[in-house]
Structure formats: C-alpha cells, structure tokens
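Q: Structure file start09.txt (compact mmCIF, C-alpha atoms (C1' of nucleotides)) is given on the next line.
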```
# COMPACT_ATOMS: atom_id res chain seq x y z
CA MET F 1 -2.11 -1.23 -3.55
CA ILE F 2 -4.51 -3.88 -2.39
CA PRO F 3 -3.03 -7.12 -1.02
CA LYS F 4 -2.73 -10.19 -3.18
CA ARG F 5 -5.39 -11.90 -1.12
CA SER F 6 -7.91 -9.37 -2.42
CA LYS F 7 -6.95 -10.02 -6.00
CA TYR F 8 -6.97 -13.78 -5.43
CA ALA F 9 -10.40 -13.45 -3.84
CA ILE F 10 -11.78 -11.62 -6.85
CA LYS F 11 -10.32 -14.22 -9.21
CA ALA F 12 -11.69 -17.11 -7.16
CA LEU F 13 -15.14 -15.61 -6.80
CA THR F 14 -15.24 -14.90 -10.51
CA ALA F 15 -14.54 -18.57 -11.15
CA LEU F 16 -17.46 -19.44 -8.87
CA ALA F 17 -19.64 -16.86 -10.61
CA LYS F 18 -19.01 -18.55 -13.93
CA VAL F 19 -20.66 -21.76 -12.73
CA TYR F 20 -23.37 -20.04 -10.68
CA ARG F 21 -26.22 -20.58 -13.12
CA ASP F 22 -25.65 -24.35 -12.99
CA LYS F 23 -25.79 -24.29 -9.19
CA GLN F 24 -22.39 -25.87 -9.29
CA HIS F 25 -19.69 -25.72 -6.71
CA LEU F 26 -15.94 -25.85 -7.20
CA SER F 27 -13.29 -27.34 -4.97
CA ILE F 28 -10.38 -25.31 -3.65
CA ALA F 29 -8.00 -27.48 -5.67
CA THR F 30 -9.89 -26.82 -8.90
CA ILE F 31 -9.96 -23.07 -8.40
CA ALA F 32 -6.33 -23.00 -7.30
CA GLU F 33 -5.22 -24.77 -10.44
CA GLN F 34 -7.46 -22.81 -12.78
CA GLU F 35 -6.52 -19.41 -11.40
CA LYS F 36 -2.95 -20.28 -10.45
CA ILE F 37 -3.41 -19.38 -6.80
CA PRO F 38 -1.36 -21.20 -4.11
CA ARG F 39 -3.71 -23.86 -2.80
CA LYS F 40 -3.28 -23.38 0.92
CA PHE F 41 -3.41 -19.63 0.62
CA LEU F 42 -6.64 -19.83 -1.31
CA GLU F 43 -8.03 -22.12 1.35
CA ALA F 44 -7.45 -19.47 3.99
CA ILE F 45 -9.01 -16.78 1.82
CA LEU F 46 -12.14 -18.77 1.03
CA LEU F 47 -12.54 -19.76 4.65
CA GLN F 48 -12.56 -16.12 5.61
CA LEU F 49 -15.04 -15.22 2.87
CA ARG F 50 -17.25 -18.02 4.11
CA ASN F 51 -17.14 -16.73 7.68
CA GLU F 52 -18.25 -13.37 6.35
CA GLY F 53 -21.16 -14.93 4.51
CA MET F 54 -20.01 -14.17 1.00
CA VAL F 55 -19.74 -17.82 -0.01
CA ASN F 56 -20.89 -21.13 1.39
CA SER F 57 -19.25 -24.53 1.40
CA LYS F 58 -20.03 -28.18 1.41
CA MET F 59 -17.67 -30.52 3.25
CA GLY F 60 -16.57 -33.98 2.28
CA ALA F 61 -15.96 -35.75 -0.98
CA SER F 62 -17.29 -33.88 -4.02
CA GLY F 63 -17.76 -30.87 -1.78
CA GLY F 64 -16.62 -27.37 -2.54
CA TYR F 65 -17.51 -23.70 -2.50
CA TYR F 66 -20.35 -21.79 -4.08
CA LEU F 67 -21.68 -18.24 -4.13
CA VAL F 68 -24.46 -17.32 -1.74
CA LYS F 69 -25.62 -14.30 -3.73
CA HIS F 70 -26.13 -13.71 -7.43
CA PRO F 71 -22.98 -12.54 -9.30
CA ASP F 72 -24.90 -9.35 -10.06
CA GLU F 73 -25.04 -8.48 -6.41
CA ILE F 74 -21.42 -9.07 -5.48
CA MET F 75 -19.45 -5.88 -5.95
CA LEU F 76 -15.69 -5.55 -6.21
CA SER F 77 -15.66 -3.00 -3.41
CA ALA F 78 -17.23 -5.52 -1.05
CA ILE F 79 -14.70 -8.21 -1.92
CA ILE F 80 -11.77 -5.87 -1.49
CA ARG F 81 -13.07 -4.67 1.84
CA SER F 82 -13.76 -8.05 3.33
CA THR F 83 -10.29 -9.25 2.39
CA GLY F 84 -8.62 -6.34 4.06
CA GLY F 85 -7.74 -4.23 1.09
CA PRO F 86 -7.77 -0.49 1.67
CA ILE F 87 -9.07 1.50 -1.27
CA ALA F 88 -8.07 4.95 0.01
CA LEU F 89 -4.55 6.23 -0.50
CA ILE F 90 -4.07 7.53 3.03
CA PRO F 91 -5.52 6.33 6.36
CA CYS F 92 -7.30 9.58 7.27
CA VAL F 93 -9.71 9.19 4.33
CA SER F 94 -10.22 5.44 4.62
CA LEU F 95 -13.63 4.15 5.60
CA ASN F 96 -12.43 0.80 6.87
CA PHE F 97 -8.86 1.55 7.87
CA TYR F 98 -9.34 5.00 9.26
CA GLU F 99 -6.58 6.45 11.38
CA GLU F 100 -6.32 9.97 12.62
CA CYS F 101 -3.41 12.04 11.32
CA VAL F 102 -1.01 12.74 14.16
CA GLU F 103 0.21 15.86 12.41
CA CYS F 104 -3.13 17.38 11.40
CA PRO F 105 -4.72 19.55 14.08
CA HIS F 106 -8.01 19.70 12.13
CA GLU F 107 -8.40 17.28 9.29
CA GLU F 108 -11.45 19.11 8.01
CA LEU F 109 -9.11 22.03 7.27
CA CYS F 110 -6.50 19.92 5.47
CA GLY F 111 -6.26 20.42 1.72
CA LEU F 112 -4.62 17.06 1.16
CA HIS F 113 -7.40 15.37 3.09
CA GLU F 114 -9.93 16.96 0.76
CA VAL F 115 -8.12 15.87 -2.40
CA MET F 116 -7.59 12.35 -1.14
CA LEU F 117 -11.27 12.14 -0.31
CA GLU F 118 -12.06 12.94 -3.93
CA VAL F 119 -9.69 10.23 -5.10
CA ARG F 120 -11.29 7.73 -2.79
CA GLU F 121 -14.76 8.65 -3.97
CA ALA F 122 -13.76 8.26 -7.61
CA SER F 123 -12.26 4.81 -6.94
CA ILE F 124 -15.15 3.58 -4.85
CA HIS F 125 -17.60 4.84 -7.43
CA ILE F 126 -16.14 2.48 -10.03
CA LEU F 127 -15.52 -0.45 -7.70
CA SER F 128 -18.96 -0.42 -6.16
CA LYS F 129 -20.81 -0.34 -9.43
CA THR F 130 -18.82 -3.25 -10.86
CA SER F 131 -20.06 -6.74 -10.00
CA LEU F 132 -18.68 -10.19 -10.69
CA ALA F 133 -21.24 -10.47 -13.47
CA ASP F 134 -19.90 -7.25 -15.00
CA LEU F 135 -16.39 -8.66 -14.85
CA ILE F 136 -17.43 -11.74 -16.79
CA LEU F 137 -19.29 -9.60 -19.31
CA ARG F 138 -16.25 -7.41 -19.80
CA GLU F 139 -14.12 -10.44 -20.46
CA LYS F 140 -16.51 -11.68 -23.09
CA LYS F 141 -16.45 -8.29 -24.79
CA LEU F 142 -12.66 -8.12 -24.68
CA PHE F 143 -12.48 -11.57 -26.18
CA ARG F 144 -14.86 -10.74 -29.01
CA LYS F 145 -12.92 -7.57 -29.70
CA SER F 146 -9.64 -9.47 -29.98
CA GLU F 147 -11.28 -12.05 -32.22
CA ASN F 148 -12.43 -9.34 -34.59
CA SER F 149 -9.11 -7.58 -34.74
CA ARG F 150 -7.42 -10.84 -35.74
CA LYS F 151 -9.45 -11.06 -38.93
CA MET C 1 -2.11 3.07 0.30
CA ILE C 2 0.83 5.30 -0.37
CA PRO C 3 3.74 5.13 2.08
CA LYS C 4 4.12 7.70 4.83
CA ARG C 5 7.16 9.12 3.10
CA SER C 6 4.91 10.26 0.25
CA LYS C 7 2.55 12.00 2.60
CA TYR C 8 5.44 13.55 4.52
CA ALA C 9 6.92 14.71 1.22
CA ILE C 10 3.68 16.43 0.24
CA LYS C 11 3.42 18.11 3.63
CA ALA C 12 7.05 19.27 3.54
CA LEU C 13 6.84 20.58 -0.02
CA THR C 14 3.64 22.41 0.83
CA ALA C 15 5.48 24.15 3.65
CA LEU C 16 8.17 25.18 1.17
CA ALA C 17 5.52 26.32 -1.30
CA LYS C 18 4.07 28.65 1.30
CA VAL C 19 7.31 30.64 1.46
CA TYR C 20 8.10 30.39 -2.24
CA ARG C 21 7.08 33.93 -3.19
CA ASP C 22 9.56 35.32 -0.64
CA LYS C 23 12.37 33.23 -2.14
CA GLN C 24 12.82 31.83 1.31
CA HIS C 25 14.21 28.52 2.31
CA LEU C 26 13.36 26.43 5.35
CA SER C 27 15.61 24.15 7.38
CA ILE C 28 14.81 20.49 7.91
CA ALA C 29 14.41 21.17 11.62
CA THR C 30 11.86 23.90 11.00
CA ILE C 31 9.77 21.81 8.64
CA ALA C 32 10.02 18.78 10.90
CA GLU C 33 8.69 20.71 13.84
CA GLN C 34 6.00 22.55 11.90
CA GLU C 35 4.65 19.45 10.18
CA LYS C 36 5.38 16.99 12.99
CA ILE C 37 7.58 14.75 10.84
CA PRO C 38 10.44 12.77 12.44
CA ARG C 39 13.52 14.90 11.77
CA LYS C 40 15.90 12.26 10.47
CA PHE C 41 13.24 10.65 8.34
CA LEU C 42 12.41 13.97 6.75
CA GLU C 43 16.09 14.51 6.07
CA ALA C 44 16.22 11.30 4.05
CA ILE C 45 13.08 12.22 2.13
CA LEU C 46 14.26 15.71 1.22
CA LEU C 47 17.65 14.41 0.19
CA GLN C 48 15.96 12.07 -2.24
CA LEU C 49 13.72 14.80 -3.61
CA ARG C 50 16.80 16.93 -4.10
CA ASN C 51 18.58 14.20 -6.02
CA GLU C 52 15.56 13.99 -8.28
CA GLY C 53 15.65 17.73 -8.89
CA MET C 54 12.38 18.59 -7.22
CA VAL C 55 13.99 20.81 -4.59
CA ASN C 56 17.36 22.38 -4.06
CA SER C 57 19.33 23.00 -0.91
CA LYS C 58 21.86 25.32 0.58
CA MET C 59 24.39 23.91 2.99
CA GLY C 60 25.80 25.49 6.12
CA ALA C 61 24.47 27.86 8.72
CA SER C 62 21.16 29.49 7.74
CA GLY C 63 20.91 27.03 4.91
CA GLY C 64 17.90 24.95 4.06
CA TYR C 65 15.65 23.68 1.30
CA TYR C 66 13.67 25.50 -1.34
CA LEU C 67 11.51 24.62 -4.34
CA VAL C 68 13.08 24.61 -7.77
CA LYS C 69 9.79 25.02 -9.64
CA HIS C 70 6.74 27.19 -9.04
CA PRO C 71 4.15 25.63 -6.71
CA ASP C 72 1.75 25.73 -9.64
CA GLU C 73 3.91 23.30 -11.56
CA ILE C 74 4.45 20.69 -8.86
CA MET C 75 1.70 18.10 -9.05
CA LEU C 76 0.75 15.62 -6.35
CA SER C 77 1.14 12.72 -8.76
CA ALA C 78 4.78 13.66 -9.35
CA ILE C 79 5.52 13.84 -5.64
CA ILE C 80 3.87 10.52 -4.94
CA ARG C 81 5.74 8.86 -7.77
CA SER C 82 9.16 10.14 -6.88
CA THR C 83 8.74 9.01 -3.29
CA GLY C 84 7.82 5.51 -4.28
CA GLY C 85 4.08 5.59 -3.78
CA PRO C 86 2.07 3.44 -6.16
CA ILE C 87 -1.22 4.99 -7.22
CA ALA C 88 -2.67 1.91 -8.91
CA LEU C 89 -4.42 -0.75 -6.85
CA ILE C 90 -2.72 -3.73 -8.49
CA PRO C 91 0.76 -4.07 -10.07
CA CYS C 92 -0.44 -5.04 -13.55
CA VAL C 93 -2.00 -1.59 -14.07
CA SER C 94 0.74 0.43 -12.41
CA LEU C 95 2.83 2.77 -14.54
CA ASN C 96 5.78 2.88 -12.18
CA PHE C 97 5.49 -0.39 -10.33
CA TYR C 98 4.33 -2.57 -13.14
CA GLU C 99 4.56 -6.31 -12.68
CA GLU C 100 3.12 -8.92 -14.95
CA CYS C 101 0.37 -11.11 -13.53
CA VAL C 102 1.63 -14.63 -13.15
CA GLU C 103 -1.87 -15.98 -13.43
CA CYS C 104 -3.12 -13.98 -16.41
CA PRO C 105 -2.29 -15.53 -19.77
CA HIS C 106 -3.36 -12.36 -21.59
CA GLU C 107 -3.80 -9.27 -19.49
CA GLU C 108 -5.52 -7.44 -22.33
CA LEU C 109 -8.31 -10.00 -22.01
CA CYS C 110 -8.66 -9.64 -18.24
CA GLY C 111 -11.79 -7.91 -17.01
CA LEU C 112 -10.26 -7.01 -13.68
CA HIS C 113 -7.31 -5.45 -15.46
CA GLU C 114 -9.69 -3.25 -17.40
CA VAL C 115 -11.59 -2.11 -14.33
CA MET C 116 -8.43 -1.43 -12.37
CA LEU C 117 -7.13 0.63 -15.27
CA GLU C 118 -10.22 2.80 -15.01
CA VAL C 119 -9.68 3.25 -11.30
CA ARG C 120 -6.07 4.22 -11.88
CA GLU C 121 -7.03 6.73 -14.56
CA ALA C 122 -9.62 8.32 -12.29
CA SER C 123 -7.12 8.65 -9.47
CA ILE C 124 -4.32 9.96 -11.63
CA HIS C 125 -6.68 12.42 -13.25
CA ILE C 126 -7.27 14.12 -9.91
CA LEU C 127 -3.72 13.84 -8.61
CA SER C 128 -2.07 15.18 -11.73
CA LYS C 129 -4.26 18.23 -11.98
CA THR C 130 -3.73 19.19 -8.34
CA SER C 131 -0.61 21.23 -7.58
CA LEU C 132 0.94 22.43 -4.35
CA ALA C 133 -0.56 25.83 -5.09
CA ASP C 134 -4.00 24.23 -5.38
CA LEU C 135 -3.48 22.54 -2.03
CA ILE C 136 -2.74 25.86 -0.36
CA LEU C 137 -5.74 27.46 -2.07
CA ARG C 138 -7.98 24.65 -0.88
CA GLU C 139 -6.79 25.15 2.66
CA LYS C 140 -7.58 28.83 2.53
CA LYS C 141 -11.07 28.09 1.26
CA LEU C 142 -11.67 25.46 3.92
CA PHE C 143 -10.53 27.90 6.56
CA ARG C 144 -12.82 30.68 5.33
CA LYS C 145 -15.69 28.24 5.23
CA SER C 146 -15.15 27.19 8.83
CA GLU C 147 -14.85 30.82 9.89
CA ASN C 148 -18.22 31.58 8.35
CA SER C 149 -19.98 28.62 9.87
CA ARG C 150 -18.83 29.70 13.33
CA LYS C 151 -20.74 32.97 13.10
C1' DT E 1 39.43 31.97 12.34
C1' DA E 2 36.68 29.38 15.57
C1' DA E 3 32.14 28.13 16.87
C1' DA E 4 27.71 27.23 15.52
C1' DT E 5 24.55 25.57 12.34
C1' DA E 6 23.04 23.06 8.41
C1' DT E 7 22.97 19.65 4.87
C1' DA E 8 25.24 15.09 2.75
C1' DC E 9 25.74 10.51 3.08
C1' DT E 10 26.08 5.68 4.48
C1' DA E 11 24.77 2.10 7.19
C1' DC E 12 21.94 -0.03 10.19
C1' DT E 13 17.89 -1.70 13.01
C1' DA E 14 13.32 -2.48 14.39
C1' DT E 15 8.66 -3.22 13.36
C1' DT E 16 4.95 -4.51 10.78
C1' DT E 17 2.62 -6.58 7.13
C1' DT E 18 1.96 -9.95 3.80
C1' DA E 19 2.34 -14.33 1.71
C1' DA E 20 2.51 -18.78 2.22
C1' DT E 21 2.91 -23.44 4.56
C1' DA E 22 2.20 -27.40 7.86
C1' DG E 23 -0.53 -30.67 9.71
C1' DG E 24 -4.14 -32.72 11.97
C1' DA E 25 -9.44 -32.68 12.82
C1' DT E 26 -13.85 -33.27 10.78
C1' DA E 27 -17.37 -34.27 7.47
C1' DT E 28 -19.33 -36.67 3.36
C1' DA E 29 -19.81 -39.49 -0.76
C1' DA E 30 -19.11 -43.57 -3.24
C1' DT G 1 -13.94 -48.01 4.83
C1' DT G 2 -11.43 -45.44 1.79
C1' DA G 3 -10.87 -41.39 -0.72
C1' DT G 4 -11.80 -36.74 -0.98
C1' DA G 5 -12.88 -32.35 0.79
C1' DT G 6 -13.30 -28.59 3.95
C1' DC G 7 -12.07 -26.70 8.82
C1' DC G 8 -8.97 -24.66 11.81
C1' DT G 9 -4.90 -23.22 14.40
C1' DA G 10 -0.31 -22.25 14.49
C1' DT G 11 3.82 -21.05 12.46
C1' DT G 12 7.35 -19.35 9.32
C1' DA G 13 9.62 -16.63 5.67
C1' DA G 14 10.29 -12.71 3.19
C1' DA G 15 9.73 -8.12 2.09
C1' DA G 16 8.63 -3.45 2.78
C1' DT G 17 8.43 0.46 5.67
C1' DA G 18 9.68 3.58 9.22
C1' DG G 19 12.88 5.43 11.68
C1' DT G 20 17.79 6.08 13.86
C1' DA G 21 22.89 6.79 14.40
C1' DG G 22 26.87 8.91 13.44
C1' DT G 23 30.20 11.20 10.86
C1' DA G 24 31.71 14.18 6.96
C1' DT G 25 31.25 18.47 4.73
C1' DA G 26 29.89 23.13 3.78
C1' DT G 27 28.64 27.90 5.15
C1' DT G 28 27.58 31.74 8.07
C1' DT G 29 28.53 34.71 11.69
C1' DA G 30 30.60 36.63 15.66
```
Render the structure in this file as structure tokens.

A:
Amino acid sequence: MIPKRSKYAIKALTALAKVYRDKQHLSIATIAEQEKIPRKFLEAILLQLRNEGMVNSKMGASGGYYLVKHPDEIMLSAIIRSTGGPIALIPCVSLNFYEECVECPHEELCGLHEVMLEVREASIHILSKTSLADLILREKKLFRKSENSRK
Amino acid sequence: MIPKRSKYAIKALTALAKVYRDKQHLSIATIAEQEKIPRKFLEAILLQLRNEGMVNSKMGASGGYYLVKHPDEIMLSAIIRSTGGPIALIPCVSLNFYEECVECPHEELCGLHEVMLEVREASIHILSKTSLADLILREKKLFRKSENSRK
DNA sequence: TAAATATACTACTATTTTAATAGGATATAA
DNA sequence: TTATATCCTATTAAAATAGTAGTATATTTA
C-alpha cells in the first residue's frame, strides 16, 4: 500500500488542477476542508511538494498554492514517488526504494524477482499514463454515467 | 509493499514445492538455513499457513512440513493473502483489507478509485496465474539463460 | 524406554514507520 | 496595523512489523 500522504497529495493536487485554467490558487485551509484532509498534515505534504517543484506558493493574506505544470503533465506515478510511496510489492524490484535481498545470491536468477518485476511494470504502466487531467475527466464520465442510470 | 512474512512464505513454500514429487517433507531448520529466514519467525509463518490448510506438518523427530496441494495449484496471490499482504495500493480498492474512504462521499464516483482498481486488477491478474510450479520453472529458465550467455 | 529431535503454542519486546500536532517565524494584502 | 497565509522545526502518538523466548507436546530411533 502507498502511505496516506500519497493519497492526500493526489487529492490535493486534483483540487488545484480543477482551478488551474483560471490561474487560481487555493489555501491549505480550503483544500483541507474540501478534501477532508487534516490541515496540518496537508501543510507538511504541500510544503514538501513545493520543495520538489511540483507546486508553487504565495505567502501572506489571500495567498495559497497552485500547480506549476499543466494537469496534463502531472502523472500519478510522479506524485506517488515524490511523497514516498513505493509502487513495487517488494524492495528488490523497487526503483525508488530498492534494497538488495539478503537471501538471494543472484537476484537475476530469482523467479519471484522476475514475477514481481512484471507486476511493477503493469502498475507503473497505468500510473504513469494517468494524469491529474485524466482523473478529472474520469470523474466527469463517472458522474454522467450515474446520472443516466438514475433515469 | 507486502510484508516480509509474505515473501518468506513464498520462499519457504517454493522450497517445499521442490521436494513435492518425492513426497518429502522439510524441517523448519532446514528451510530456514536454505532460504536464510530467521528460524523462529519462519516457525510462526508456517504455523499460520498450516492453520489455514495450505501446508501440513508432522511432529516429532524427522518430522517437518509438506504441501497439501500440488505446486501447480498454489498461486502467489493466495500465499500473499493468507500471510496478510495487501496487493492493492489503497484500502478502498482492496479485497481483503478494504476500508471505506473517509473523504469520499461516493467511491463509485471517484476517479482515483477507478484507476487504483485497474492497478489492482493488473497485479492480481499476474499473481493469480503464477503458481509455485511456475516459479520453479522460471528459475530453471533463468538459469539456463545465464549458462548460455556465459559461453 | 530414554534421549534426541521436531513441531505447537503463547506471550512478549524491540524497532520502524506513519500520521498527525504544536507553535512560533515570516510574508503579504487590505 | 491587523488579519490571513505560508514556512519551518521539533515532537508525539499510534500502529504495524519483525523477531525472540520459553515451554509443552509429539514422534522417532537407538
């Protein structure tokens, strides 16, 4: 599983993506309330994302956070990675949290290693082709679908 | 990530699968040494797998553990699940560790939920078609491949 | 039948990670 | 100058994970 901070980050950035076209920014408090994320925790998460250049901020009254890149260019895989979420199921096939297996003499001969690599590739394939913009689009489609089925 | 106990379980069961055709059993000590798993920890893991009916054991001198089913029928997904490893990346799309999102009013309208479902399906697809027998076969192939490339 | 060898079982501890909070410093707008 | 935000460091709380200890029980074998 990925940590909550990764999920919170995705939710918060999606909120920012929704106001991107209007060049608007949102305050931590606003996002926290909207997305039901603990305020102080969100603060720490956004601060980190800012230090990594994924968002920018404006201090002072009527300040807030805004996306640096277009929602089309921000991929889920990137968000998960920069908030410390491992995508792989075991450390020896993780790109960002790689750790050698103590027990494997040669990991290139390990069958489990090979299978877990395939799993990682399949996951990353989906997560790195899905952007914040895609997420918003999906939500619109899901909403329309539920509207239709209520008729 | 899945816990170490899941990985240890896969390694241990693979060791048992390798002697399955000879109807042999292996002692905890033997497996622990072979696979470099802490002895007492492995004991706890195998005991749990036994209580879930995945393996059986024989007490006393020259006792040990053995597989109940054919290595062809034991899938990685089943091992991971019965040792407490979540395959999904977030709780709201997990089959065995499901938890409702506090922040989502309607999870069927959540774009992230939908994407994470796809990731889970892709992972489970691979893990539930791969058996212990497949793992052993893969290892043989990897070994032959490395032999050839050394020529 | 005694010694050796294994599993069965319960309880405990230590470590690490994650989630979340506290509180003051700094910047900006109205 | 007051109100509103972000910035930043430090700390705490809770939970999960990994691993250990020790004793009871069963079975083989000499």

Q: Using only C-alpha atoms (C1' of nucleotides) and a cut-off of 7 Å, which residues of chain G sit close to chain F? Please list them as a list in words.

A: DT4, DA5 and DT6 of chain G

Q: Could the residues in this selection be written to a file with C-alpha atoms (C1' of nucleotides), as an mmCIF file, in the frame of the given file?

A:
```cif
data_model
loop_
_atom_site.group_PDB
_atom_site.id
_atom_site.type_symbol
_atom_site.label_atom_id
_atom_site.label_comp_id
_atom_site.auth_asym_id
_atom_site.auth_seq_id
_atom_site.Cartn_x
_atom_site.Cartn_y
_atom_site.Cartn_z
ATOM 1 C "C1'" DT G 4 -11.800 -36.740 -0.980
ATOM 2 C "C1'" DA G 5 -12.880 -32.350 0.790
ATOM 3 C "C1'" DT G 6 -13.300 -28.590 3.950
#
```

Q: Excluding stretch 85-102 of chain C and any residue of its chain fewer than 6 positions from it, enumerate the residues within 7 Å of it, using only C-alpha atoms (C1' of nucleotides), and give them as a list in words.

A: Met1 and Ile2 of chain F; Ile2, Pro3, Ser6, His113, Met116, Leu117 and Arg120 of chain C

Q: Could those residues be written to a file, using C-alpha atoms, as a short mmCIF file (atom, residue, chain, number, x, y, z; two decimals), in the frame of the given file?

A:
```
data_model
loop_
_atom_site.label_atom_id
_atom_site.label_comp_id
_atom_site.auth_asym_id
_atom_site.auth_seq_id
_atom_site.Cartn_x
_atom_site.Cartn_y
_atom_site.Cartn_z
CA MET F 1 -2.11 -1.23 -3.55
CA ILE F 2 -4.51 -3.88 -2.39
CA ILE C 2 0.83 5.30 -0.37
CA PRO C 3 3.74 5.13 2.08
CA SER C 6 4.91 10.26 0.25
CA HIS C 113 -7.31 -5.45 -15.46
CA MET C 116 -8.43 -1.43 -12.37
CA LEU C 117 -7.13 0.63 -15.27
CA ARG C 120 -6.07 4.22 -11.88
#
```

Q: How far is it from atom CA of C:Asp134 to atom CA of F:Gly111, in Å with one decimal?

A: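 Separation between atom CA of C:Asp134 and atom CA of F:Gly111: 8.4 Å.
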
Q: Give me, as a VMD selection string, the residues of chain F touching chain C, with the criterion being at most 9 Å (counting only C-alpha atoms).

A: chain F and resid 1 to 4 7 10 to 11 34 to 37 86 to 91 102 to 104 108 to 112 114 to 116 118 to 120 122 to 127 130 134 to 143 146

Q: Can you work out the spacing between atom CA of F:Ile31 and atom CA of F:Ala12 in Å, to one decimal?

A: 6.3 Å

Q: Have a look at atom CA of F:Val68 and atom C1' of E:DA30 and let me know their distance in Å, one decimal.

A: 26.8 Å

Q: Could you list the residues in chain E lying within 10 Å of chain F, using only C-alpha atoms (C1' of nucleotides), and format the result as a PyMOL selection string?

A: chain E and resi 17-22+26-30

Q: Output C-alpha atoms (C1' of nucleotides) for every residue in the selection just made, as a tab-separated table (two decimals), in the coordinates of the input.

A:
```
chain	number	residue	atom	x	y	z
E	17	DT	C1'	2.62	-6.58	7.13
E	18	DT	C1'	1.96	-9.95	3.80
E	19	DA	C1'	2.34	-14.33	1.71
E	20	DA	C1'	2.51	-18.78	2.22
E	21	DT	C1'	2.91	-23.44	4.56
E	22	DA	C1'	2.20	-27.40	7.86
E	26	DT	C1'	-13.85	-33.27	10.78
E	27	DA	C1'	-17.37	-34.27	7.47
E	28	DT	C1'	-19.33	-36.67	3.36
E	29	DA	C1'	-19.81	-39.49	-0.76
E	30	DA	C1'	-19.11	-43.57	-3.24
```

Q: Using all atoms listed in the file, determine which residues lie at most 12 Å from E:DG23, disregarding the query and same-chain residues fewer than 6 positions distant; provide the list as an MDAnalysis selection string.

A: (chainID F and resid 40) or (chainID G and resid 8:11)
